[in-house]
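Scroll down for the structure; my scribbles are underneath it.
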Amino acid sequence: MIIVKTYKIFSSLLVYPSKEVKDNVDLFFSILKDVKLLPDFILSSLSVFFSYFKETDLIVLQENYVSMFDRKKDLSLYLFEHIHGDSKERGMAMVDLKNLYRSSDLDLDVNGELPDYIPVFLEYLSTLSVEKSSILLGEIINILVIIRKRLELYESLYYLIFSSLEYLSNVKPDNDLIKAVFSNKKIDLNIDKEWEDPKVF
């Protein structure tokens, strides 16, 4: 189904920028428009990111990417970094998530990355129906919105990808929880139970 390509495209855009991805940004945007999974107002916003990706030198794209996602812990693209940090619980959560992938006869691996790497998770969503993808996306919606808001604060156009993912979720974020995060209150983002007993299977 062509619709699932939406998630695969976002996965490609959230990994370290490569010449291959840069050379295909026009094709990616064309597919997103043809699929019609995203409304025009989202696509219009996304066009700003695609223009940035196309017009910026690759080395600058790579430097900007590293400065955001590799050097700022609060922008980590690893889901469980925002929940467990470096605690022992993170390892078991990884196992649960990997088992979720394998429950669909998949053994996903994106450049040897961990199961909770958001581009890997999006690759997984691209193998599911639109309905199931939307449900699972909803289970991490608070993390996605927190990252999106932080990217906005850092004035990074990558926030537009997270805004698009937010739209695709069938669940609205918990605004009280989001406010607590940005007011430095201790909160619980635990989503492990969803991986142990996924509702969509």
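Lettering and numbering for the structure tokens are positional, with chains as A, B, ... in the shown order, residues counted from 1 in each chain, and ligands counted from 1 in the shown order.
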Env of Val60 in chain A: 10 Å cut, atoms = only C-alpha atoms, seq-sep filter 6 positions within chain, self excluded. Answer as a PDB file with C-alpha atoms, in the first residue's frame.
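The result, stored in result33.pdb:
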```
ATOM      1  CA  PRO A  17      21.630  13.163   6.129  1.00  0.00           C
ATOM      2  CA  PHE A  53      16.967  20.016   2.875  1.00  0.00           C
ATOM      3  CA  VAL A  66      24.721  16.330  14.673  1.00  0.00           C
TER       4      VAL A  66
END
```
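Using only C-alpha atoms, the shortest contact distance between Asn24 in chain A and any of A:Ser76, A:Ser133, A:Asn184, A:Ser51 is found at A:Ser51.
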Determine, counting only C-alpha atoms, which protein, DNA and RNA residues have an atom within 10 Å of an atom of Glu131 in chain A; residues of the same chain fewer than 6 positions away are not included. Present the result as JSON, numbers by chain.
{"A": [137, 168, 169, 170, 200]}
Which residues, written as a list in words, have at least one atom at most 9 Å from Asn142 in chain A, with only C-alpha atoms counted and residues fewer than 4 positions away on the same chain left out?
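Contacts, with the query itself left out: Gly138, Ile146, Ile147, Lys172, Pro173, Asp174, Asn175, Leu177, Ile178 and Leu189 of chain A.
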